[in-house]
Amino acid sequence: MTTIQHAPSAKVRCGPTVHRADTPPNRRRGGDIRVLLSPASVGSTAGFMGTLTLEPGEVVTEHWHPYSEEFLYCQEGDVLVTLDGEERRLTSESAVHIPIGVKHRIVNDSATTATFVFLCGPLAPRPELGHVDTEPSPGSMGVQ
């Protein structure tokens with residue numbers, strides 16, 4: 001465990017509290033993705049955190065992170081997660097670690113809504129470098 005061995009020389013300012021309802025959804029890769037804590041919203045410097053909601057039949061298209069590992073916690077639901085071609089179930093109250101460079105895809109093939117919390121870090125040098133898509137977005141495939 002790392003601890004600070006000395007007091008910071010300047011007062012550390014904590015960011016604001018962010019509510020999911022006040023955060024617009026991003027549906028580009030599928031599902032309802034909301035980044036709650038990020039450099040833009042709270043000034044974070046080590047990573048970002050958010051939520052994902054997948055309705056039955058929804059998919060988060062395959063992508064990978066060249067700079068960040070991802071921690072994905074399934075709060076509720078039962079989904080199929082594919083990690084570098086390996087399929088596995090992610091069920092309520094379970095989590096998976098997705099290392100840097102691992103392609104991943106999430107499919108809600110169940111009849112109920114699935115909800116997740118995710119954390120990615122460290123940050124990419126620029127936001128547009130953080131994800132590499134390996135399949136078309138749901139919108140381009142006719143999925144709403």
# chains A, B, ... in the order shown; residues from 1 in each chain; ligands from 1

$ residues_around --residues "Pro127 (chain A)" --least-positions-apart "4" --cutoff "10 Å" --atoms "only C-alpha atoms" --output "list of chain:residue names"
A:Pro39, A:Leu123, A:His131

$ residues_around --residues "Ser110 (chain A)" --least-positions-apart "6" --cutoff "8 Å" --atoms "only C-alpha atoms" --output "list of chain:residue names"
A:Pro56, A:Gly57, A:Gly77, A:Asp78, A:Val79

$ write_last_selection --atoms "N, CA, C and O atoms" --output "JSON list (two decimals), in the first residue's frame"
[["chain", "number", "residue", "atom", "x", "y", "z"],
["A", 56, "PRO", "N", -32.16, -5.28, -22.55],
["A", 56, "PRO", "CA", -32.11, -6.57, -23.25],
["A", 56, "PRO", "C", -31.86, -6.37, -24.75],
["A", 56, "PRO", "O", -32.47, -5.51, -25.38],
["A", 57, "GLY", "N", -30.93, -7.13, -25.28],
["A", 57, "GLY", "CA", -30.58, -7.07, -26.70],
["A", 57, "GLY", "C", -29.54, -6.03, -27.06],
["A", 57, "GLY", "O", -29.02, -6.04, -28.18],
["A", 77, "GLY", "N", -27.79, -7.79, -13.27],
["A", 77, "GLY", "CA", -27.97, -8.34, -14.60],
["A", 77, "GLY", "C", -27.14, -9.58, -14.85],
["A", 77, "GLY", "O", -26.49, -10.12, -13.95],
["A", 78, "ASP", "N", -27.15, -10.02, -16.11],
["A", 78, "ASP", "CA", -26.45, -11.22, -16.55],
["A", 78, "ASP", "C", -26.14, -11.02, -18.02],
["A", 78, "ASP", "O", -27.05, -10.96, -18.85],
["A", 79, "VAL", "N", -24.86, -10.85, -18.36],
["A", 79, "VAL", "CA", -24.46, -10.53, -19.73],
["A", 79, "VAL", "C", -23.35, -11.46, -20.21],
["A", 79, "VAL", "O", -22.68, -12.12, -19.41]]

$ residues_around --residues "region 106-109 of chain A" --least-positions-apart "6" --cutoff "10 Å" --atoms "only C-alpha atoms" --output "ChimeraX atom specification"
/A:30-31,53-62,77-83,87-90

$ write_last_selection --atoms "N, CA and C atoms" --output "mmCIF file, in the first residue's frame"
data_model
loop_
_atom_site.group_PDB
_atom_site.id
_atom_site.type_symbol
_atom_site.label_atom_id
_atom_site.label_comp_id
_atom_site.auth_asym_id
_atom_site.auth_seq_id
_atom_site.Cartn_x
_atom_site.Cartn_y
_atom_site.Cartn_z
ATOM 1 N N GLY A 30 -22.854 1.758 -28.045
ATOM 2 C CA GLY A 30 -23.985 0.946 -27.622
ATOM 3 C C GLY A 30 -24.289 1.124 -26.155
ATOM 4 N N GLY A 31 -25.524 0.844 -25.776
ATOM 5 C CA GLY A 31 -25.951 1.004 -24.402
ATOM 6 C C GLY A 31 -25.992 2.462 -23.997
ATOM 7 N N THR A 53 -25.563 1.137 -18.733
ATOM 8 C CA THR A 53 -26.839 0.436 -18.651
ATOM 9 C C THR A 53 -27.089 -0.215 -20.003
ATOM 10 N N LEU A 54 -27.349 -1.511 -19.981
ATOM 11 C CA LEU A 54 -27.667 -2.249 -21.204
ATOM 12 C C LEU A 54 -29.057 -2.866 -21.064
ATOM 13 N N GLU A 55 -29.947 -2.453 -21.942
ATOM 14 C CA GLU A 55 -31.273 -3.057 -21.993
ATOM 15 C C GLU A 55 -31.156 -4.406 -22.710
ATOM 16 N N PRO A 56 -32.157 -5.285 -22.549
ATOM 17 C CA PRO A 56 -32.112 -6.566 -23.249
ATOM 18 C C PRO A 56 -31.864 -6.373 -24.748
ATOM 19 N N GLY A 57 -30.926 -7.135 -25.281
ATOM 20 C CA GLY A 57 -30.584 -7.068 -26.695
ATOM 21 C C GLY A 57 -29.541 -6.030 -27.058
ATOM 22 N N GLU A 58 -29.192 -5.137 -26.144
ATOM 23 C CA GLU A 58 -28.192 -4.111 -26.453
ATOM 24 C C GLU A 58 -26.770 -4.667 -26.351
ATOM 25 N N VAL A 59 -25.872 -4.013 -27.095
ATOM 26 C CA VAL A 59 -24.481 -4.441 -27.205
ATOM 27 C C VAL A 59 -23.567 -3.237 -27.030
ATOM 28 N N VAL A 60 -22.451 -3.418 -26.341
ATOM 29 C CA VAL A 60 -21.332 -2.471 -26.413
ATOM 30 C C VAL A 60 -20.365 -3.110 -27.405
ATOM 31 N N THR A 61 -20.154 -2.420 -28.522
ATOM 32 C CA THR A 61 -19.350 -2.999 -29.596
ATOM 33 C C THR A 61 -17.898 -3.204 -29.166
ATOM 34 N N GLU A 62 -17.254 -4.125 -29.866
ATOM 35 C CA GLU A 62 -15.874 -4.482 -29.520
ATOM 36 C C GLU A 62 -14.938 -3.291 -29.711
ATOM 37 N N GLY A 77 -27.792 -7.788 -13.274
ATOM 38 C CA GLY A 77 -27.970 -8.340 -14.604
ATOM 39 C C GLY A 77 -27.140 -9.583 -14.852
ATOM 40 N N ASP A 78 -27.154 -10.020 -16.115
ATOM 41 C CA ASP A 78 -26.449 -11.221 -16.551
ATOM 42 C C ASP A 78 -26.137 -11.017 -18.025
ATOM 43 N N VAL A 79 -24.856 -10.851 -18.358
ATOM 44 C CA VAL A 79 -24.465 -10.532 -19.731
ATOM 45 C C VAL A 79 -23.350 -11.459 -20.208
ATOM 46 N N LEU A 80 -23.162 -11.452 -21.522
ATOM 47 C CA LEU A 80 -22.060 -12.167 -22.140
ATOM 48 C C LEU A 80 -20.953 -11.163 -22.427
ATOM 49 N N VAL A 81 -19.767 -11.401 -21.878
ATOM 50 C CA VAL A 81 -18.608 -10.547 -22.121
ATOM 51 C C VAL A 81 -17.605 -11.372 -22.930
ATOM 52 N N THR A 82 -17.083 -10.771 -23.995
ATOM 53 C CA THR A 82 -16.057 -11.435 -24.793
ATOM 54 C C THR A 82 -14.754 -10.666 -24.621
ATOM 55 N N LEU A 83 -13.717 -11.356 -24.151
ATOM 56 C CA LEU A 83 -12.400 -10.770 -23.893
ATOM 57 C C LEU A 83 -11.377 -11.463 -24.787
ATOM 58 N N GLU A 87 -15.354 -16.058 -24.413
ATOM 59 C CA GLU A 87 -16.662 -15.677 -23.880
ATOM 60 C C GLU A 87 -16.782 -16.106 -22.426
ATOM 61 N N ARG A 88 -17.394 -15.226 -21.630
ATOM 62 C CA ARG A 88 -17.684 -15.567 -20.237
ATOM 63 C C ARG A 88 -18.909 -14.801 -19.771
ATOM 64 N N ARG A 89 -19.547 -15.309 -18.713
ATOM 65 C CA ARG A 89 -20.720 -14.658 -18.145
ATOM 66 C C ARG A 89 -20.258 -13.673 -17.075
ATOM 67 N N LEU A 90 -20.915 -12.525 -17.047
ATOM 68 C CA LEU A 90 -20.723 -11.568 -15.966
ATOM 69 C C LEU A 90 -22.102 -11.370 -15.366
#

$ closest_residue --among "A:Arg34, A:Asn26, A:Arg105, A:Gln75" --to "Pro136 (chain A)" --atoms "only C-alpha atoms"
A:Arg105

$ closest_residue --among "A:Val132, A:Leu72, A:Ala111, A:Val35" --to "Glu93 (chain A)" --atoms "only C-alpha atoms"
A:Leu72

$ select_by_dssp --residues "chain A" --states "alpha helix (DSSP H)" --output "PDB file with C-alpha atoms, in the first residue's frame"
ATOM      1  CA  PRO A  39     -10.720  15.200 -16.186  1.00  0.00           C
ATOM      2  CA  ALA A  40     -13.490  17.358 -17.705  1.00  0.00           C
ATOM      3  CA  SER A  41     -16.040  16.905 -14.909  1.00  0.00           C
ATOM      4  CA  VAL A  42     -13.884  16.829 -11.768  1.00  0.00           C
TER       5      VAL A  42
END

$ atom_distance --atom1 "CA of Thr91 (chain A)" --atom2 "CA of Phe116 (chain A)"
10.2 Å

$ closest_residue --among "A:Val18, A:Val102, A:Met49, A:Leu36" --to "Pro122 (chain A)" --atoms "only C-alpha atoms"
A:Met49

$ select_by_dssp --residues "region 48-94 of chain A" --states "strand (DSSP E or B)" --output "VMD selection string"
chain A and resid 48 to 54 59 to 64 69 to 76 78 to 83 86 to 91 94

$ residues_around --residues "Glu70 (chain A)" --least-positions-apart "6" --cutoff "7 Å" --atoms "only C-alpha atoms" --output "PDB file with N, CA and C atoms, in the first residue's frame"
ATOM      1  N   HIS A  97     -11.505  -7.692 -14.608  1.00  0.00           N
ATOM      2  CA  HIS A  97     -10.416  -6.767 -14.923  1.00  0.00           C
ATOM      3  C   HIS A  97     -10.068  -6.968 -16.386  1.00  0.00           C
ATOM      4  N   ILE A  98     -10.011  -5.873 -17.145  1.00  0.00           N
ATOM      5  CA  ILE A  98      -9.687  -5.939 -18.567  1.00  0.00           C
ATOM      6  C   ILE A  98      -8.350  -5.222 -18.760  1.00  0.00           C
ATOM      7  N   PRO A  99      -7.264  -5.966 -18.962  1.00  0.00           N
ATOM      8  CA  PRO A  99      -5.947  -5.344 -19.096  1.00  0.00           C
ATOM      9  C   PRO A  99      -5.832  -4.465 -20.346  1.00  0.00           C
ATOM     10  N   PHE A 118     -17.881   1.257 -14.141  1.00  0.00           N
ATOM     11  CA  PHE A 118     -16.575   0.986 -14.732  1.00  0.00           C
ATOM     12  C   PHE A 118     -15.584   2.068 -14.328  1.00  0.00           C
ATOM     13  N   LEU A 119     -14.324   1.687 -14.334  1.00  0.00           N
ATOM     14  CA  LEU A 119     -13.220   2.600 -14.054  1.00  0.00           C
ATOM     15  C   LEU A 119     -12.113   2.278 -15.039  1.00  0.00           C
ATOM     16  N   CYS A 120     -11.580   3.297 -15.703  1.00  0.00           N
ATOM     17  CA  CYS A 120     -10.459   3.123 -16.633  1.00  0.00           C
ATOM     18  C   CYS A 120      -9.301   4.022 -16.211  1.00  0.00           C
ATOM     19  N   GLY A 121      -8.105   3.501 -16.270  1.00  0.00           N
ATOM     20  CA  GLY A 121      -6.932   4.304 -15.968  1.00  0.00           C
ATOM     21  C   GLY A 121      -5.675   3.494 -16.269  1.00  0.00           C
TER      22      GLY A 121
END

$ decode --residues "region 50-65 of chain A" --atoms "all heavy atoms" --output "PDB file, in the first residue's frame"
ATOM      1  N   GLY A  50     -17.494   5.662 -14.565  1.00  0.00           N
ATOM      2  CA  GLY A  50     -18.855   5.914 -15.025  1.00  0.00           C
ATOM      3  C   GLY A  50     -19.752   4.712 -14.860  1.00  0.00           C
ATOM      4  O   GLY A  50     -19.405   3.737 -14.194  1.00  0.00           O
ATOM      5  N   THR A  51     -20.926   4.819 -15.502  1.00  0.00           N
ATOM      6  CA  THR A  51     -21.916   3.755 -15.452  1.00  0.00           C
ATOM      7  C   THR A  51     -22.273   3.316 -16.866  1.00  0.00           C
ATOM      8  O   THR A  51     -22.133   4.072 -17.825  1.00  0.00           O
ATOM      9  CB  THR A  51     -23.196   4.200 -14.732  1.00  0.00           C
ATOM     10  OG1 THR A  51     -23.821   5.244 -15.486  1.00  0.00           O
ATOM     11  CG2 THR A  51     -22.912   4.669 -13.312  1.00  0.00           C
ATOM     12  N   LEU A  52     -22.748   2.102 -16.963  1.00  0.00           N
ATOM     13  CA  LEU A  52     -23.242   1.541 -18.214  1.00  0.00           C
ATOM     14  C   LEU A  52     -24.560   0.857 -17.920  1.00  0.00           C
ATOM     15  O   LEU A  52     -24.659   0.100 -16.948  1.00  0.00           O
ATOM     16  CB  LEU A  52     -22.241   0.521 -18.772  1.00  0.00           C
ATOM     17  CG  LEU A  52     -22.746  -0.417 -19.872  1.00  0.00           C
ATOM     18  CD1 LEU A  52     -23.129   0.342 -21.134  1.00  0.00           C
ATOM     19  CD2 LEU A  52     -21.702  -1.492 -20.176  1.00  0.00           C
ATOM     20  N   THR A  53     -25.563   1.137 -18.733  1.00  0.00           N
ATOM     21  CA  THR A  53     -26.839   0.436 -18.651  1.00  0.00           C
ATOM     22  C   THR A  53     -27.089  -0.215 -20.003  1.00  0.00           C
ATOM     23  O   THR A  53     -27.027   0.450 -21.039  1.00  0.00           O
ATOM     24  CB  THR A  53     -27.993   1.405 -18.319  1.00  0.00           C
ATOM     25  OG1 THR A  53     -27.698   2.080 -17.097  1.00  0.00           O
ATOM     26  CG2 THR A  53     -29.315   0.671 -18.191  1.00  0.00           C
ATOM     27  N   LEU A  54     -27.349  -1.511 -19.981  1.00  0.00           N
ATOM     28  CA  LEU A  54     -27.667  -2.249 -21.204  1.00  0.00           C
ATOM     29  C   LEU A  54     -29.057  -2.866 -21.064  1.00  0.00           C
ATOM     30  O   LEU A  54     -29.298  -3.686 -20.173  1.00  0.00           O
ATOM     31  CB  LEU A  54     -26.661  -3.376 -21.449  1.00  0.00           C
ATOM     32  CG  LEU A  54     -25.288  -3.024 -21.978  1.00  0.00           C
ATOM     33  CD1 LEU A  54     -24.422  -4.277 -22.089  1.00  0.00           C
ATOM     34  CD2 LEU A  54     -25.383  -2.334 -23.317  1.00  0.00           C
ATOM     35  N   GLU A  55     -29.947  -2.453 -21.942  1.00  0.00           N
ATOM     36  CA  GLU A  55     -31.273  -3.057 -21.993  1.00  0.00           C
ATOM     37  C   GLU A  55     -31.156  -4.406 -22.710  1.00  0.00           C
ATOM     38  O   GLU A  55     -30.170  -4.664 -23.407  1.00  0.00           O
ATOM     39  CB  GLU A  55     -32.241  -2.131 -22.729  1.00  0.00           C
ATOM     40  CG  GLU A  55     -32.482  -0.793 -22.033  1.00  0.00           C
ATOM     41  CD  GLU A  55     -33.085  -0.911 -20.650  1.00  0.00           C
ATOM     42  OE1 GLU A  55     -33.805  -1.917 -20.389  1.00  0.00           O
ATOM     43  OE2 GLU A  55     -32.850  -0.013 -19.824  1.00  0.00           O
ATOM     44  N   PRO A  56     -32.157  -5.285 -22.549  1.00  0.00           N
ATOM     45  CA  PRO A  56     -32.112  -6.566 -23.249  1.00  0.00           C
ATOM     46  C   PRO A  56     -31.864  -6.373 -24.748  1.00  0.00           C
ATOM     47  O   PRO A  56     -32.474  -5.514 -25.382  1.00  0.00           O
ATOM     48  CB  PRO A  56     -33.507  -7.158 -22.987  1.00  0.00           C
ATOM     49  CG  PRO A  56     -33.901  -6.562 -21.665  1.00  0.00           C
ATOM     50  CD  PRO A  56     -33.342  -5.155 -21.702  1.00  0.00           C
ATOM     51  N   GLY A  57     -30.926  -7.135 -25.281  1.00  0.00           N
ATOM     52  CA  GLY A  57     -30.584  -7.068 -26.695  1.00  0.00           C
ATOM     53  C   GLY A  57     -29.541  -6.030 -27.058  1.00  0.00           C
ATOM     54  O   GLY A  57     -29.020  -6.041 -28.176  1.00  0.00           O
ATOM     55  N   GLU A  58     -29.192  -5.137 -26.144  1.00  0.00           N
ATOM     56  CA  GLU A  58     -28.192  -4.111 -26.453  1.00  0.00           C
ATOM     57  C   GLU A  58     -26.770  -4.667 -26.351  1.00  0.00           C
ATOM     58  O   GLU A  58     -26.509  -5.615 -25.616  1.00  0.00           O
ATOM     59  CB  GLU A  58     -28.342  -2.894 -25.540  1.00  0.00           C
ATOM     60  CG  GLU A  58     -29.537  -2.036 -25.879  1.00  0.00           C
ATOM     61  CD  GLU A  58     -29.546  -0.726 -25.116  1.00  0.00           C
ATOM     62  OE1 GLU A  58     -29.276  -0.733 -23.889  1.00  0.00           O
ATOM     63  OE2 GLU A  58     -29.836   0.311 -25.739  1.00  0.00           O
ATOM     64  N   VAL A  59     -25.872  -4.013 -27.095  1.00  0.00           N
ATOM     65  CA  VAL A  59     -24.481  -4.441 -27.205  1.00  0.00           C
ATOM     66  C   VAL A  59     -23.567  -3.237 -27.030  1.00  0.00           C
ATOM     67  O   VAL A  59     -23.863  -2.157 -27.532  1.00  0.00           O
ATOM     68  CB  VAL A  59     -24.231  -5.043 -28.612  1.00  0.00           C
ATOM     69  CG1 VAL A  59     -22.760  -5.366 -28.828  1.00  0.00           C
ATOM     70  CG2 VAL A  59     -25.096  -6.254 -28.851  1.00  0.00           C
ATOM     71  N   VAL A  60     -22.451  -3.418 -26.341  1.00  0.00           N
ATOM     72  CA  VAL A  60     -21.332  -2.471 -26.413  1.00  0.00           C
ATOM     73  C   VAL A  60     -20.365  -3.110 -27.405  1.00  0.00           C
ATOM     74  O   VAL A  60     -19.861  -4.213 -27.174  1.00  0.00           O
ATOM     75  CB  VAL A  60     -20.658  -2.236 -25.055  1.00  0.00           C
ATOM     76  CG1 VAL A  60     -19.390  -1.398 -25.217  1.00  0.00           C
ATOM     77  CG2 VAL A  60     -21.622  -1.560 -24.086  1.00  0.00           C
ATOM     78  N   THR A  61     -20.154  -2.420 -28.522  1.00  0.00           N
ATOM     79  CA  THR A  61     -19.350  -2.999 -29.596  1.00  0.00           C
ATOM     80  C   THR A  61     -17.898  -3.204 -29.166  1.00  0.00           C
ATOM     81  O   THR A  61     -17.392  -2.537 -28.259  1.00  0.00           O
ATOM     82  CB  THR A  61     -19.406  -2.106 -30.848  1.00  0.00           C
ATOM     83  OG1 THR A  61     -19.026  -0.774 -30.505  1.00  0.00           O
ATOM     84  CG2 THR A  61     -20.793  -2.116 -31.460  1.00  0.00           C
ATOM     85  N   GLU A  62     -17.254  -4.125 -29.866  1.00  0.00           N
ATOM     86  CA  GLU A  62     -15.874  -4.482 -29.520  1.00  0.00           C
ATOM     87  C   GLU A  62     -14.938  -3.291 -29.711  1.00  0.00           C
ATOM     88  O   GLU A  62     -15.006  -2.570 -30.704  1.00  0.00           O
ATOM     89  CB  GLU A  62     -15.396  -5.641 -30.382  1.00  0.00           C
ATOM     90  CG  GLU A  62     -14.019  -6.136 -29.951  1.00  0.00           C
ATOM     91  CD  GLU A  62     -13.515  -7.246 -30.821  1.00  0.00           C
ATOM     92  OE1 GLU A  62     -13.007  -6.942 -31.918  1.00  0.00           O
ATOM     93  OE2 GLU A  62     -13.632  -8.426 -30.402  1.00  0.00           O
ATOM     94  N   HIS A  63     -14.082  -3.112 -28.721  1.00  0.00           N
ATOM     95  CA  HIS A  63     -13.070  -2.057 -28.743  1.00  0.00           C
ATOM     96  C   HIS A  63     -11.969  -2.456 -27.771  1.00  0.00           C
ATOM     97  O   HIS A  63     -12.085  -3.453 -27.054  1.00  0.00           O
ATOM     98  CB  HIS A  63     -13.672  -0.693 -28.358  1.00  0.00           C
ATOM     99  CG  HIS A  63     -14.195  -0.649 -26.969  1.00  0.00           C
ATOM    100  ND1 HIS A  63     -15.418  -1.195 -26.607  1.00  0.00           N
ATOM    101  CD2 HIS A  63     -13.668  -0.140 -25.829  1.00  0.00           C
ATOM    102  CE1 HIS A  63     -15.611  -1.013 -25.317  1.00  0.00           C
ATOM    103  NE2 HIS A  63     -14.565  -0.378 -24.803  1.00  0.00           N
ATOM    104  N   TRP A  64     -10.897  -1.680 -27.759  1.00  0.00           N
ATOM    105  CA  TRP A  64      -9.816  -1.900 -26.794  1.00  0.00           C
ATOM    106  C   TRP A  64      -9.211  -0.559 -26.411  1.00  0.00           C
ATOM    107  O   TRP A  64      -9.428   0.442 -27.081  1.00  0.00           O
ATOM    108  CB  TRP A  64      -8.776  -2.886 -27.323  1.00  0.00           C
ATOM    109  CG  TRP A  64      -8.093  -2.516 -28.600  1.00  0.00           C
ATOM    110  CD1 TRP A  64      -8.593  -2.654 -29.863  1.00  0.00           C
ATOM    111  CD2 TRP A  64      -6.782  -1.962 -28.741  1.00  0.00           C
ATOM    112  NE1 TRP A  64      -7.676  -2.215 -30.782  1.00  0.00           N
ATOM    113  CE2 TRP A  64      -6.542  -1.788 -30.124  1.00  0.00           C
ATOM    114  CE3 TRP A  64      -5.782  -1.602 -27.851  1.00  0.00           C
ATOM    115  CZ2 TRP A  64      -5.362  -1.263 -30.624  1.00  0.00           C
ATOM    116  CZ3 TRP A  64      -4.601  -1.085 -28.356  1.00  0.00           C
ATOM    117  CH2 TRP A  64      -4.396  -0.926 -29.720  1.00  0.00           C
ATOM    118  N   HIS A  65      -8.482  -0.574 -25.300  1.00  0.00           N
ATOM    119  CA  HIS A  65      -7.877   0.646 -24.756  1.00  0.00           C
ATOM    120  C   HIS A  65      -6.357   0.522 -24.833  1.00  0.00           C
ATOM    121  O   HIS A  65      -5.779  -0.344 -24.180  1.00  0.00           O
ATOM    122  CB  HIS A  65      -8.294   0.850 -23.300  1.00  0.00           C
ATOM    123  CG  HIS A  65      -9.768   0.804 -23.084  1.00  0.00           C
ATOM    124  ND1 HIS A  65     -10.583   1.865 -23.362  1.00  0.00           N
ATOM    125  CD2 HIS A  65     -10.571  -0.180 -22.630  1.00  0.00           C
ATOM    126  CE1 HIS A  65     -11.822   1.534 -23.073  1.00  0.00           C
ATOM    127  NE2 HIS A  65     -11.857   0.292 -22.636  1.00  0.00           N
TER     128      HIS A  65
END
